[in-house]
>>> print(open('coords-v5.cif').read())   # mmCIF, N, CA and C atoms
data_upload
#
loop_
_atom_site.label_atom_id
_atom_site.label_comp_id
_atom_site.auth_asym_id
_atom_site.auth_seq_id
_atom_site.Cartn_x
_atom_site.Cartn_y
_atom_site.Cartn_z
N MET Y 1 -9.69 -3.39 -6.39
CA MET Y 1 -11.07 -3.04 -6.40
C MET Y 1 -11.26 -1.84 -5.47
N ILE Y 2 -11.78 -0.75 -5.99
CA ILE Y 2 -12.12 0.41 -5.18
C ILE Y 2 -13.52 0.15 -4.61
N TYR Y 3 -13.65 0.08 -3.29
CA TYR Y 3 -14.97 -0.18 -2.72
C TYR Y 3 -15.58 1.06 -2.05
N LYS Y 4 -14.79 2.14 -1.95
CA LYS Y 4 -15.33 3.41 -1.48
C LYS Y 4 -14.58 4.51 -2.23
N ASN Y 5 -15.32 5.32 -2.96
CA ASN Y 5 -14.69 6.37 -3.77
C ASN Y 5 -14.42 7.62 -2.95
N GLY Y 6 -13.21 8.15 -3.15
CA GLY Y 6 -12.84 9.42 -2.56
C GLY Y 6 -13.16 10.55 -3.52
N LYS Y 7 -12.85 11.76 -3.10
CA LYS Y 7 -13.16 12.91 -3.94
C LYS Y 7 -11.93 13.76 -4.22
N GLY Y 8 -10.78 13.30 -3.79
CA GLY Y 8 -9.58 14.11 -3.94
C GLY Y 8 -8.82 13.82 -5.21
N ALA Y 9 -7.64 14.39 -5.28
CA ALA Y 9 -6.74 14.22 -6.43
C ALA Y 9 -5.91 12.94 -6.25
N SER Y 10 -5.18 12.60 -7.29
CA SER Y 10 -4.29 11.44 -7.27
C SER Y 10 -2.84 11.88 -7.09
N PRO Y 11 -2.06 11.10 -6.34
CA PRO Y 11 -0.64 11.43 -6.20
C PRO Y 11 0.13 11.09 -7.48
N ARG Y 12 1.33 11.68 -7.59
CA ARG Y 12 2.24 11.38 -8.69
C ARG Y 12 3.56 10.90 -8.11
N LYS Y 13 4.39 10.33 -8.96
CA LYS Y 13 5.71 9.89 -8.50
C LYS Y 13 6.44 11.07 -7.87
N GLY Y 14 7.05 10.81 -6.73
CA GLY Y 14 7.76 11.83 -6.00
C GLY Y 14 6.95 12.44 -4.87
N ASP Y 15 5.62 12.25 -4.89
CA ASP Y 15 4.78 12.75 -3.80
C ASP Y 15 4.91 11.83 -2.58
N ILE Y 16 4.60 12.37 -1.43
CA ILE Y 16 4.56 11.58 -0.19
C ILE Y 16 3.12 11.11 0.00
N ALA Y 17 2.91 9.80 -0.06
CA ALA Y 17 1.58 9.24 0.12
C ALA Y 17 1.37 8.88 1.60
N CYS Y 18 0.19 9.16 2.11
CA CYS Y 18 -0.20 8.83 3.48
C CYS Y 18 -1.32 7.81 3.40
N ILE Y 19 -1.06 6.60 3.89
CA ILE Y 19 -2.04 5.52 3.76
C ILE Y 19 -2.31 4.86 5.11
N LYS Y 20 -3.49 4.28 5.21
CA LYS Y 20 -3.81 3.32 6.27
C LYS Y 20 -4.02 1.99 5.57
N TYR Y 21 -3.53 0.91 6.17
CA TYR Y 21 -3.60 -0.37 5.47
C TYR Y 21 -3.61 -1.54 6.44
N SER Y 22 -4.06 -2.66 5.95
CA SER Y 22 -3.82 -3.94 6.59
C SER Y 22 -3.36 -4.89 5.49
N VAL Y 23 -2.51 -5.82 5.86
CA VAL Y 23 -1.97 -6.81 4.92
C VAL Y 23 -2.29 -8.18 5.47
N SER Y 24 -2.92 -9.01 4.63
CA SER Y 24 -3.27 -10.37 5.01
C SER Y 24 -2.72 -11.34 3.98
N ARG Y 25 -2.56 -12.58 4.43
CA ARG Y 25 -2.26 -13.64 3.48
C ARG Y 25 -3.53 -13.94 2.70
N ILE Y 26 -3.40 -14.64 1.60
CA ILE Y 26 -4.56 -14.96 0.75
C ILE Y 26 -5.62 -15.76 1.53
N ASN Y 27 -5.21 -16.48 2.58
CA ASN Y 27 -6.17 -17.26 3.38
C ASN Y 27 -6.88 -16.41 4.44
N GLY Y 28 -6.54 -15.10 4.52
CA GLY Y 28 -7.21 -14.20 5.45
C GLY Y 28 -6.46 -13.91 6.73
N ASP Y 29 -5.34 -14.61 6.99
CA ASP Y 29 -4.56 -14.36 8.21
C ASP Y 29 -3.91 -12.98 8.14
N LEU Y 30 -4.17 -12.15 9.14
CA LEU Y 30 -3.60 -10.81 9.20
C LEU Y 30 -2.09 -10.91 9.44
N VAL Y 31 -1.32 -10.14 8.66
CA VAL Y 31 0.13 -10.12 8.78
C VAL Y 31 0.58 -8.80 9.41
N TYR Y 32 0.16 -7.69 8.84
CA TYR Y 32 0.53 -6.36 9.33
C TYR Y 32 -0.67 -5.43 9.25
N ARG Y 33 -0.62 -4.39 10.07
CA ARG Y 33 -1.65 -3.34 10.03
C ARG Y 33 -0.96 -2.03 10.39
N SER Y 34 -1.34 -0.96 9.70
CA SER Y 34 -0.79 0.35 10.04
C SER Y 34 -1.40 0.82 11.34
N ASP Y 35 -0.75 1.77 11.96
CA ASP Y 35 -1.26 2.39 13.17
C ASP Y 35 -2.59 3.05 12.85
N SER Y 36 -3.58 2.85 13.68
CA SER Y 36 -4.92 3.39 13.40
C SER Y 36 -4.98 4.91 13.55
N ILE Y 37 -4.03 5.50 14.25
CA ILE Y 37 -4.04 6.95 14.48
C ILE Y 37 -3.16 7.68 13.48
N THR Y 38 -1.95 7.19 13.27
CA THR Y 38 -0.99 7.85 12.40
C THR Y 38 -0.84 7.08 11.10
N PRO Y 39 -1.22 7.65 9.96
CA PRO Y 39 -1.05 6.95 8.68
C PRO Y 39 0.42 6.69 8.37
N PHE Y 40 0.67 5.65 7.61
CA PHE Y 40 2.01 5.32 7.13
C PHE Y 40 2.32 6.22 5.94
N GLU Y 41 3.51 6.79 5.92
CA GLU Y 41 3.91 7.69 4.83
C GLU Y 41 5.10 7.11 4.08
N PHE Y 42 5.09 7.29 2.75
CA PHE Y 42 6.25 6.91 1.95
C PHE Y 42 6.30 7.78 0.70
N GLU Y 43 7.51 7.98 0.21
CA GLU Y 43 7.70 8.75 -1.01
C GLU Y 43 7.57 7.81 -2.20
N THR Y 44 6.65 8.12 -3.09
CA THR Y 44 6.46 7.28 -4.27
C THR Y 44 7.64 7.42 -5.21
N GLY Y 45 7.94 6.34 -5.91
CA GLY Y 45 9.04 6.34 -6.85
C GLY Y 45 10.39 6.05 -6.24
N LYS Y 46 10.45 5.71 -4.96
CA LYS Y 46 11.72 5.47 -4.27
C LYS Y 46 11.92 4.02 -3.86
N ALA Y 47 11.05 3.11 -4.29
CA ALA Y 47 11.17 1.67 -4.01
C ALA Y 47 11.23 1.37 -2.51
N LYS Y 48 10.46 2.11 -1.72
CA LYS Y 48 10.42 1.90 -0.26
C LYS Y 48 9.32 0.92 0.15
N VAL Y 49 8.37 0.66 -0.76
CA VAL Y 49 7.27 -0.27 -0.50
C VAL Y 49 7.19 -1.24 -1.69
N PRO Y 50 6.48 -2.35 -1.53
CA PRO Y 50 6.34 -3.27 -2.67
C PRO Y 50 5.75 -2.58 -3.91
N ASN Y 51 6.20 -3.00 -5.08
CA ASN Y 51 5.76 -2.40 -6.34
C ASN Y 51 4.24 -2.41 -6.50
N GLY Y 52 3.60 -3.50 -6.14
CA GLY Y 52 2.15 -3.60 -6.30
C GLY Y 52 1.40 -2.57 -5.47
N LEU Y 53 1.89 -2.32 -4.26
CA LEU Y 53 1.27 -1.32 -3.40
C LEU Y 53 1.47 0.08 -3.99
N GLU Y 54 2.67 0.38 -4.43
CA GLU Y 54 2.93 1.71 -5.01
C GLU Y 54 2.12 1.93 -6.28
N GLU Y 55 2.04 0.93 -7.15
CA GLU Y 55 1.25 1.06 -8.38
C GLU Y 55 -0.20 1.38 -8.06
N ALA Y 56 -0.75 0.71 -7.06
CA ALA Y 56 -2.15 0.94 -6.68
C ALA Y 56 -2.35 2.34 -6.13
N VAL Y 57 -1.46 2.78 -5.26
CA VAL Y 57 -1.59 4.12 -4.67
C VAL Y 57 -1.58 5.19 -5.75
N LEU Y 58 -0.73 5.03 -6.76
CA LEU Y 58 -0.65 6.03 -7.83
C LEU Y 58 -1.91 6.07 -8.70
N LEU Y 59 -2.74 5.04 -8.63
CA LEU Y 59 -4.00 5.01 -9.37
C LEU Y 59 -5.19 5.48 -8.55
N MET Y 60 -4.98 5.66 -7.24
CA MET Y 60 -6.07 6.03 -6.34
C MET Y 60 -6.22 7.54 -6.22
N LYS Y 61 -7.37 7.95 -5.70
CA LYS Y 61 -7.64 9.34 -5.36
C LYS Y 61 -7.70 9.45 -3.84
N THR Y 62 -7.42 10.62 -3.33
CA THR Y 62 -7.50 10.84 -1.89
C THR Y 62 -8.91 10.47 -1.40
N GLY Y 63 -8.94 9.65 -0.36
CA GLY Y 63 -10.21 9.21 0.19
C GLY Y 63 -10.67 7.85 -0.32
N ASP Y 64 -10.05 7.33 -1.40
CA ASP Y 64 -10.41 6.01 -1.91
C ASP Y 64 -10.05 4.93 -0.89
N HIS Y 65 -10.90 3.90 -0.84
CA HIS Y 65 -10.61 2.68 -0.10
C HIS Y 65 -10.57 1.57 -1.14
N ALA Y 66 -9.55 0.72 -1.05
CA ALA Y 66 -9.39 -0.32 -2.07
C ALA Y 66 -8.97 -1.63 -1.43
N LYS Y 67 -9.28 -2.71 -2.10
CA LYS Y 67 -8.81 -4.04 -1.74
C LYS Y 67 -7.96 -4.51 -2.91
N LEU Y 68 -6.73 -4.93 -2.63
CA LEU Y 68 -5.79 -5.37 -3.67
C LEU Y 68 -5.35 -6.79 -3.42
N ILE Y 69 -5.26 -7.57 -4.45
CA ILE Y 69 -4.59 -8.87 -4.39
C ILE Y 69 -3.28 -8.68 -5.12
N VAL Y 70 -2.18 -8.82 -4.38
CA VAL Y 70 -0.86 -8.54 -4.93
C VAL Y 70 -0.08 -9.85 -5.06
N PRO Y 71 0.26 -10.24 -6.30
CA PRO Y 71 1.04 -11.45 -6.50
C PRO Y 71 2.45 -11.28 -5.92
N SER Y 72 3.08 -12.37 -5.61
CA SER Y 72 4.36 -12.31 -4.90
C SER Y 72 5.42 -11.50 -5.65
N HIS Y 73 5.45 -11.56 -6.98
CA HIS Y 73 6.49 -10.82 -7.71
C HIS Y 73 6.30 -9.30 -7.62
N LEU Y 74 5.11 -8.84 -7.21
CA LEU Y 74 4.88 -7.41 -6.98
C LEU Y 74 4.79 -7.09 -5.48
N ALA Y 75 5.05 -8.12 -4.66
CA ALA Y 75 5.03 -7.93 -3.21
C ALA Y 75 6.46 -8.11 -2.67
N PHE Y 76 6.74 -9.23 -2.04
CA PHE Y 76 8.07 -9.44 -1.44
C PHE Y 76 8.86 -10.55 -2.12
N GLY Y 77 8.31 -11.13 -3.19
CA GLY Y 77 9.06 -12.04 -4.06
C GLY Y 77 9.59 -13.30 -3.42
N LEU Y 78 10.76 -13.73 -3.90
CA LEU Y 78 11.37 -14.99 -3.48
C LEU Y 78 11.84 -14.97 -2.04
N LEU Y 79 12.23 -13.84 -1.52
CA LEU Y 79 12.79 -13.78 -0.17
C LEU Y 79 11.76 -13.57 0.93
N GLY Y 80 10.60 -13.03 0.60
CA GLY Y 80 9.67 -12.63 1.64
C GLY Y 80 10.21 -11.38 2.31
N ASP Y 81 9.72 -11.06 3.49
CA ASP Y 81 10.23 -9.87 4.19
C ASP Y 81 11.18 -10.24 5.32
N MET Y 82 11.55 -11.51 5.39
CA MET Y 82 12.46 -12.03 6.41
C MET Y 82 11.86 -11.94 7.82
N ASP Y 83 10.54 -11.82 7.89
CA ASP Y 83 9.86 -11.77 9.19
C ASP Y 83 8.57 -12.58 9.12
N LYS Y 84 7.47 -11.96 8.73
CA LYS Y 84 6.16 -12.63 8.74
C LYS Y 84 5.69 -13.08 7.37
N ILE Y 85 6.28 -12.56 6.31
CA ILE Y 85 5.85 -12.91 4.96
C ILE Y 85 6.86 -13.87 4.37
N ILE Y 86 6.36 -15.04 3.98
CA ILE Y 86 7.25 -16.09 3.47
C ILE Y 86 7.51 -15.90 1.97
N SER Y 87 8.39 -16.71 1.45
CA SER Y 87 8.73 -16.70 0.03
C SER Y 87 7.50 -16.91 -0.83
N ARG Y 88 7.40 -16.15 -1.90
CA ARG Y 88 6.33 -16.28 -2.90
C ARG Y 88 4.92 -16.12 -2.33
N GLN Y 89 4.77 -15.30 -1.32
CA GLN Y 89 3.48 -15.10 -0.65
C GLN Y 89 2.60 -14.13 -1.43
N ILE Y 90 1.38 -14.54 -1.74
CA ILE Y 90 0.37 -13.65 -2.33
C ILE Y 90 -0.25 -12.88 -1.17
N LEU Y 91 -0.37 -11.56 -1.32
CA LEU Y 91 -0.88 -10.73 -0.23
C LEU Y 91 -2.17 -10.01 -0.64
N VAL Y 92 -2.99 -9.74 0.35
CA VAL Y 92 -4.22 -8.97 0.16
C VAL Y 92 -4.09 -7.71 1.02
N TYR Y 93 -4.15 -6.55 0.37
CA TYR Y 93 -4.08 -5.27 1.06
C TYR Y 93 -5.48 -4.68 1.13
N ASP Y 94 -5.84 -4.16 2.29
CA ASP Y 94 -7.01 -3.30 2.44
C ASP Y 94 -6.41 -1.92 2.70
N LEU Y 95 -6.69 -0.98 1.83
CA LEU Y 95 -5.92 0.24 1.74
C LEU Y 95 -6.81 1.47 1.67
N GLU Y 96 -6.41 2.52 2.37
CA GLU Y 96 -7.06 3.83 2.25
C GLU Y 96 -5.98 4.87 1.96
N LEU Y 97 -6.17 5.65 0.90
CA LEU Y 97 -5.29 6.76 0.63
C LEU Y 97 -5.85 7.96 1.39
N CYS Y 98 -5.23 8.27 2.53
CA CYS Y 98 -5.72 9.34 3.40
C CYS Y 98 -5.42 10.71 2.82
N ALA Y 99 -4.21 10.87 2.30
CA ALA Y 99 -3.76 12.16 1.79
C ALA Y 99 -2.46 11.95 1.04
N PHE Y 100 -1.98 13.02 0.41
CA PHE Y 100 -0.63 13.01 -0.11
C PHE Y 100 -0.08 14.42 -0.09
N LYS Y 101 1.22 14.49 -0.02
CA LYS Y 101 1.90 15.79 0.00
C LYS Y 101 2.64 15.91 -1.32
N PRO Y 102 2.37 16.94 -2.10
CA PRO Y 102 3.05 17.11 -3.37
C PRO Y 102 4.56 17.18 -3.20
N ARG Y 103 5.26 16.69 -4.21
CA ARG Y 103 6.72 16.72 -4.19
C ARG Y 103 7.21 18.16 -4.17
N LYS Y 104 8.36 18.31 -3.57
CA LYS Y 104 8.98 19.64 -3.54
C LYS Y 104 9.83 19.79 -4.77
N ASN Y 105 9.70 20.90 -5.47
CA ASN Y 105 10.48 21.11 -6.69
C ASN Y 105 11.84 21.69 -6.40
#
>>> encode(input="coords-v5.cif", output="structure tokens")
Amino acid sequence: MIYKNGKGASPRKGDIACIKYSVSRINGDLVYRSDSITPFEFETGKAKVPNGLEEAVLLMKTGDHAKLIVPSHLAFGLLGDMDKIISRQILVYDLELCAFKPRKN
């Protein structure tokens, strides 16, 4: 669900996405949060983040704020993250696409 619309462009596979996020369990318990000053960056299409998060980012525009419910098979699956996220955990992301850097050709 996009709850605040941005005005920018959308990233494509291979771009570097810059996001701010928080991750909670379905019951509302906070699991992780990005640094409030420095956005988290990842290259799309490289399987560095859960599939559900990457799919959502590729559908967003710069400046969008979204809330996502990500089923376990699109999050951390059967293994969890071996830290705070258990097996088959449904996650809720609160996400902002701050910016993206186009891929280098």
>>> select_by_dssp(input="coords-v5.cif", residues="chain Y", states="strand (DSSP E or B)", output="mmCIF file with N, CA and C atoms, keeping the file's coordinate frame")
data_model
loop_
_atom_site.group_PDB
_atom_site.id
_atom_site.type_symbol
_atom_site.label_atom_id
_atom_site.label_comp_id
_atom_site.auth_asym_id
_atom_site.auth_seq_id
_atom_site.Cartn_x
_atom_site.Cartn_y
_atom_site.Cartn_z
ATOM 1 N N ILE Y 2 -11.780 -0.750 -5.990
ATOM 2 C CA ILE Y 2 -12.120 0.410 -5.180
ATOM 3 C C ILE Y 2 -13.520 0.150 -4.610
ATOM 4 N N TYR Y 3 -13.650 0.080 -3.290
ATOM 5 C CA TYR Y 3 -14.970 -0.180 -2.720
ATOM 6 C C TYR Y 3 -15.580 1.060 -2.050
ATOM 7 N N LYS Y 4 -14.790 2.140 -1.950
ATOM 8 C CA LYS Y 4 -15.330 3.410 -1.480
ATOM 9 C C LYS Y 4 -14.580 4.510 -2.230
ATOM 10 N N ILE Y 16 4.600 12.370 -1.430
ATOM 11 C CA ILE Y 16 4.560 11.580 -0.190
ATOM 12 C C ILE Y 16 3.120 11.110 0.000
ATOM 13 N N ALA Y 17 2.910 9.800 -0.060
ATOM 14 C CA ALA Y 17 1.580 9.240 0.120
ATOM 15 C C ALA Y 17 1.370 8.880 1.600
ATOM 16 N N CYS Y 18 0.190 9.160 2.110
ATOM 17 C CA CYS Y 18 -0.200 8.830 3.480
ATOM 18 C C CYS Y 18 -1.320 7.810 3.400
ATOM 19 N N ILE Y 19 -1.060 6.600 3.890
ATOM 20 C CA ILE Y 19 -2.040 5.520 3.760
ATOM 21 C C ILE Y 19 -2.310 4.860 5.110
ATOM 22 N N LYS Y 20 -3.490 4.280 5.210
ATOM 23 C CA LYS Y 20 -3.810 3.320 6.270
ATOM 24 C C LYS Y 20 -4.020 1.990 5.570
ATOM 25 N N TYR Y 21 -3.530 0.910 6.170
ATOM 26 C CA TYR Y 21 -3.600 -0.370 5.470
ATOM 27 C C TYR Y 21 -3.610 -1.540 6.440
ATOM 28 N N SER Y 22 -4.060 -2.660 5.950
ATOM 29 C CA SER Y 22 -3.820 -3.940 6.590
ATOM 30 C C SER Y 22 -3.360 -4.890 5.490
ATOM 31 N N VAL Y 23 -2.510 -5.820 5.860
ATOM 32 C CA VAL Y 23 -1.970 -6.810 4.920
ATOM 33 C C VAL Y 23 -2.290 -8.180 5.470
ATOM 34 N N SER Y 24 -2.920 -9.010 4.630
ATOM 35 C CA SER Y 24 -3.270 -10.370 5.010
ATOM 36 C C SER Y 24 -2.720 -11.340 3.980
ATOM 37 N N ARG Y 25 -2.560 -12.580 4.430
ATOM 38 C CA ARG Y 25 -2.260 -13.640 3.480
ATOM 39 C C ARG Y 25 -3.530 -13.940 2.700
ATOM 40 N N LEU Y 30 -4.170 -12.150 9.140
ATOM 41 C CA LEU Y 30 -3.600 -10.810 9.200
ATOM 42 C C LEU Y 30 -2.090 -10.910 9.440
ATOM 43 N N VAL Y 31 -1.320 -10.140 8.660
ATOM 44 C CA VAL Y 31 0.130 -10.120 8.780
ATOM 45 C C VAL Y 31 0.580 -8.800 9.410
ATOM 46 N N TYR Y 32 0.160 -7.690 8.840
ATOM 47 C CA TYR Y 32 0.530 -6.360 9.330
ATOM 48 C C TYR Y 32 -0.670 -5.430 9.250
ATOM 49 N N ARG Y 33 -0.620 -4.390 10.070
ATOM 50 C CA ARG Y 33 -1.650 -3.340 10.030
ATOM 51 C C ARG Y 33 -0.960 -2.030 10.390
ATOM 52 N N PHE Y 40 0.670 5.650 7.610
ATOM 53 C CA PHE Y 40 2.010 5.320 7.130
ATOM 54 C C PHE Y 40 2.320 6.220 5.940
ATOM 55 N N GLU Y 41 3.510 6.790 5.920
ATOM 56 C CA GLU Y 41 3.910 7.690 4.830
ATOM 57 C C GLU Y 41 5.100 7.110 4.080
ATOM 58 N N PHE Y 42 5.090 7.290 2.750
ATOM 59 C CA PHE Y 42 6.250 6.910 1.950
ATOM 60 C C PHE Y 42 6.300 7.780 0.700
ATOM 61 N N GLU Y 43 7.510 7.980 0.210
ATOM 62 C CA GLU Y 43 7.700 8.750 -1.010
ATOM 63 C C GLU Y 43 7.570 7.810 -2.200
ATOM 64 N N HIS Y 65 -10.900 3.900 -0.840
ATOM 65 C CA HIS Y 65 -10.610 2.680 -0.100
ATOM 66 C C HIS Y 65 -10.570 1.570 -1.140
ATOM 67 N N ALA Y 66 -9.550 0.720 -1.050
ATOM 68 C CA ALA Y 66 -9.390 -0.320 -2.070
ATOM 69 C C ALA Y 66 -8.970 -1.630 -1.430
ATOM 70 N N LYS Y 67 -9.280 -2.710 -2.100
ATOM 71 C CA LYS Y 67 -8.810 -4.040 -1.740
ATOM 72 C C LYS Y 67 -7.960 -4.510 -2.910
ATOM 73 N N LEU Y 68 -6.730 -4.930 -2.630
ATOM 74 C CA LEU Y 68 -5.790 -5.370 -3.670
ATOM 75 C C LEU Y 68 -5.350 -6.790 -3.420
ATOM 76 N N ILE Y 69 -5.260 -7.570 -4.450
ATOM 77 C CA ILE Y 69 -4.590 -8.870 -4.390
ATOM 78 C C ILE Y 69 -3.280 -8.680 -5.120
ATOM 79 N N VAL Y 70 -2.180 -8.820 -4.380
ATOM 80 C CA VAL Y 70 -0.860 -8.540 -4.930
ATOM 81 C C VAL Y 70 -0.080 -9.850 -5.060
ATOM 82 N N LEU Y 91 -0.370 -11.560 -1.320
ATOM 83 C CA LEU Y 91 -0.880 -10.730 -0.230
ATOM 84 C C LEU Y 91 -2.170 -10.010 -0.640
ATOM 85 N N VAL Y 92 -2.990 -9.740 0.350
ATOM 86 C CA VAL Y 92 -4.220 -8.970 0.160
ATOM 87 C C VAL Y 92 -4.090 -7.710 1.020
ATOM 88 N N TYR Y 93 -4.150 -6.550 0.370
ATOM 89 C CA TYR Y 93 -4.080 -5.270 1.060
ATOM 90 C C TYR Y 93 -5.480 -4.680 1.130
ATOM 91 N N ASP Y 94 -5.840 -4.160 2.290
ATOM 92 C CA ASP Y 94 -7.010 -3.300 2.440
ATOM 93 C C ASP Y 94 -6.410 -1.920 2.700
ATOM 94 N N LEU Y 95 -6.690 -0.980 1.830
ATOM 95 C CA LEU Y 95 -5.920 0.240 1.740
ATOM 96 C C LEU Y 95 -6.810 1.470 1.670
ATOM 97 N N GLU Y 96 -6.410 2.520 2.370
ATOM 98 C CA GLU Y 96 -7.060 3.830 2.250
ATOM 99 C C GLU Y 96 -5.980 4.870 1.960
ATOM 100 N N LEU Y 97 -6.170 5.650 0.900
ATOM 101 C CA LEU Y 97 -5.290 6.760 0.630
ATOM 102 C C LEU Y 97 -5.850 7.960 1.390
ATOM 103 N N CYS Y 98 -5.230 8.270 2.530
ATOM 104 C CA CYS Y 98 -5.720 9.340 3.400
ATOM 105 C C CYS Y 98 -5.420 10.710 2.820
ATOM 106 N N ALA Y 99 -4.210 10.870 2.300
ATOM 107 C CA ALA Y 99 -3.760 12.160 1.790
ATOM 108 C C ALA Y 99 -2.460 11.950 1.040
ATOM 109 N N PHE Y 100 -1.980 13.020 0.410
ATOM 110 C CA PHE Y 100 -0.630 13.010 -0.110
ATOM 111 C C PHE Y 100 -0.080 14.420 -0.090
ATOM 112 N N LYS Y 101 1.220 14.490 -0.020
ATOM 113 C CA LYS Y 101 1.900 15.790 0.000
ATOM 114 C C LYS Y 101 2.640 15.910 -1.320
#
>>> resolve_selection(input="coords-v5.cif", expression="the PyMOL selection byres ((chain Y and resi 22) around 6.5)", output="ChimeraX atom specification")
/Y:20-21,23-24,31-34,92-95
>>> resolve_selection(input="coords-v5.cif", expression="the PyMOL selection byres ((chain Y and resi 99) around 6)", output="number ranges by chain")
Y: 16-19, 62-63, 97-98, 100-101
>>> write_last_selection(input="coords-v5.cif", atoms="N, CA and C atoms", output="compact mmCIF listing (two decimals), keeping the file's coordinate frame")
# COMPACT_ATOMS: atom_id res chain seq x y z
N ILE Y 16 4.60 12.37 -1.43
CA ILE Y 16 4.56 11.58 -0.19
C ILE Y 16 3.12 11.11 0.00
N ALA Y 17 2.91 9.80 -0.06
CA ALA Y 17 1.58 9.24 0.12
C ALA Y 17 1.37 8.88 1.60
N CYS Y 18 0.19 9.16 2.11
CA CYS Y 18 -0.20 8.83 3.48
C CYS Y 18 -1.32 7.81 3.40
N ILE Y 19 -1.06 6.60 3.89
CA ILE Y 19 -2.04 5.52 3.76
C ILE Y 19 -2.31 4.86 5.11
N THR Y 62 -7.42 10.62 -3.33
CA THR Y 62 -7.50 10.84 -1.89
C THR Y 62 -8.91 10.47 -1.40
N GLY Y 63 -8.94 9.65 -0.36
CA GLY Y 63 -10.21 9.21 0.19
C GLY Y 63 -10.67 7.85 -0.32
N LEU Y 97 -6.17 5.65 0.90
CA LEU Y 97 -5.29 6.76 0.63
C LEU Y 97 -5.85 7.96 1.39
N CYS Y 98 -5.23 8.27 2.53
CA CYS Y 98 -5.72 9.34 3.40
C CYS Y 98 -5.42 10.71 2.82
N PHE Y 100 -1.98 13.02 0.41
CA PHE Y 100 -0.63 13.01 -0.11
C PHE Y 100 -0.08 14.42 -0.09
N LYS Y 101 1.22 14.49 -0.02
CA LYS Y 101 1.90 15.79 0.00
C LYS Y 101 2.64 15.91 -1.32
>>> residues_around(input="coords-v5.cif", residues="Glu54 in chain Y", least_positions_apart="6", cutoff="9 Å", atoms="only C-alpha atoms", output="ChimeraX atom specification")
/Y:44-45,47-48
>>> atom_distance(input="coords-v5.cif", atom1="atom N of Ser36 in chain Y", atom2="CA of Gly77 in chain Y")
26.4 Å
>>> residues_around(input="coords-v5.cif", residues="Ile90 in chain Y", least_positions_apart="5", cutoff="7 Å", atoms="all atoms listed in the file", output="JSON, numbers by chain")
{"Y": [24, 25, 26, 69, 70, 71, 72]}
>>> write_last_selection(input="coords-v5.cif", atoms="N, CA and C atoms", output="compact mmCIF listing (two decimals), in the frame of the given file")
# COMPACT_ATOMS: atom_id res chain seq x y z
N SER Y 24 -2.92 -9.01 4.63
CA SER Y 24 -3.27 -10.37 5.01
C SER Y 24 -2.72 -11.34 3.98
N ARG Y 25 -2.56 -12.58 4.43
CA ARG Y 25 -2.26 -13.64 3.48
C ARG Y 25 -3.53 -13.94 2.70
N ILE Y 26 -3.40 -14.64 1.60
CA ILE Y 26 -4.56 -14.96 0.75
C ILE Y 26 -5.62 -15.76 1.53
N ILE Y 69 -5.26 -7.57 -4.45
CA ILE Y 69 -4.59 -8.87 -4.39
C ILE Y 69 -3.28 -8.68 -5.12
N VAL Y 70 -2.18 -8.82 -4.38
CA VAL Y 70 -0.86 -8.54 -4.93
C VAL Y 70 -0.08 -9.85 -5.06
N PRO Y 71 0.26 -10.24 -6.30
CA PRO Y 71 1.04 -11.45 -6.50
C PRO Y 71 2.45 -11.28 -5.92
N SER Y 72 3.08 -12.37 -5.61
CA SER Y 72 4.36 -12.31 -4.90
C SER Y 72 5.42 -11.50 -5.65
>>> resolve_selection(input="coords-v5.cif", expression="the PyMOL selection byres (((chain Y and resi 53 and name CA) around 9) and name CA)", output="list of chain:residue names")
Y:Val49, Y:Pro50, Y:Asn51, Y:Gly52, Y:Glu54, Y:Glu55, Y:Ala56, Y:Val57, Y:Leu58, Y:Leu68, Y:Val70, Y:Leu74, Y:Ala75, Y:Tyr93, Y:Leu95
>>> write_last_selection(input="coords-v5.cif", atoms="N, CA and C atoms", output="compact mmCIF listing (two decimals), in the coordinates of the input")
# COMPACT_ATOMS: atom_id res chain seq x y z
N VAL Y 49 8.37 0.66 -0.76
CA VAL Y 49 7.27 -0.27 -0.50
C VAL Y 49 7.19 -1.24 -1.69
N PRO Y 50 6.48 -2.35 -1.53
CA PRO Y 50 6.34 -3.27 -2.67
C PRO Y 50 5.75 -2.58 -3.91
N ASN Y 51 6.20 -3.00 -5.08
CA ASN Y 51 5.76 -2.40 -6.34
C ASN Y 51 4.24 -2.41 -6.50
N GLY Y 52 3.60 -3.50 -6.14
CA GLY Y 52 2.15 -3.60 -6.30
C GLY Y 52 1.40 -2.57 -5.47
N GLU Y 54 2.67 0.38 -4.43
CA GLU Y 54 2.93 1.71 -5.01
C GLU Y 54 2.12 1.93 -6.28
N GLU Y 55 2.04 0.93 -7.15
CA GLU Y 55 1.25 1.06 -8.38
C GLU Y 55 -0.20 1.38 -8.06
N ALA Y 56 -0.75 0.71 -7.06
CA ALA Y 56 -2.15 0.94 -6.68
C ALA Y 56 -2.35 2.34 -6.13
N VAL Y 57 -1.46 2.78 -5.26
CA VAL Y 57 -1.59 4.12 -4.67
C VAL Y 57 -1.58 5.19 -5.75
N LEU Y 58 -0.73 5.03 -6.76
CA LEU Y 58 -0.65 6.03 -7.83
C LEU Y 58 -1.91 6.07 -8.70
N LEU Y 68 -6.73 -4.93 -2.63
CA LEU Y 68 -5.79 -5.37 -3.67
C LEU Y 68 -5.35 -6.79 -3.42
N VAL Y 70 -2.18 -8.82 -4.38
CA VAL Y 70 -0.86 -8.54 -4.93
C VAL Y 70 -0.08 -9.85 -5.06
N LEU Y 74 5.11 -8.84 -7.21
CA LEU Y 74 4.88 -7.41 -6.98
C LEU Y 74 4.79 -7.09 -5.48
N ALA Y 75 5.05 -8.12 -4.66
CA ALA Y 75 5.03 -7.93 -3.21
C ALA Y 75 6.46 -8.11 -2.67
N TYR Y 93 -4.15 -6.55 0.37
CA TYR Y 93 -4.08 -5.27 1.06
C TYR Y 93 -5.48 -4.68 1.13
N LEU Y 95 -6.69 -0.98 1.83
CA LEU Y 95 -5.92 0.24 1.74
C LEU Y 95 -6.81 1.47 1.67
>>> select_by_dssp(input="coords-v5.cif", residues="range 23-91 of chain Y", states="alpha helix (DSSP H)", output="list in words")
Asn51, Gly52, Leu53, Glu54, Glu55, Ala56, Val57, Leu58 and Leu59 of chain Y
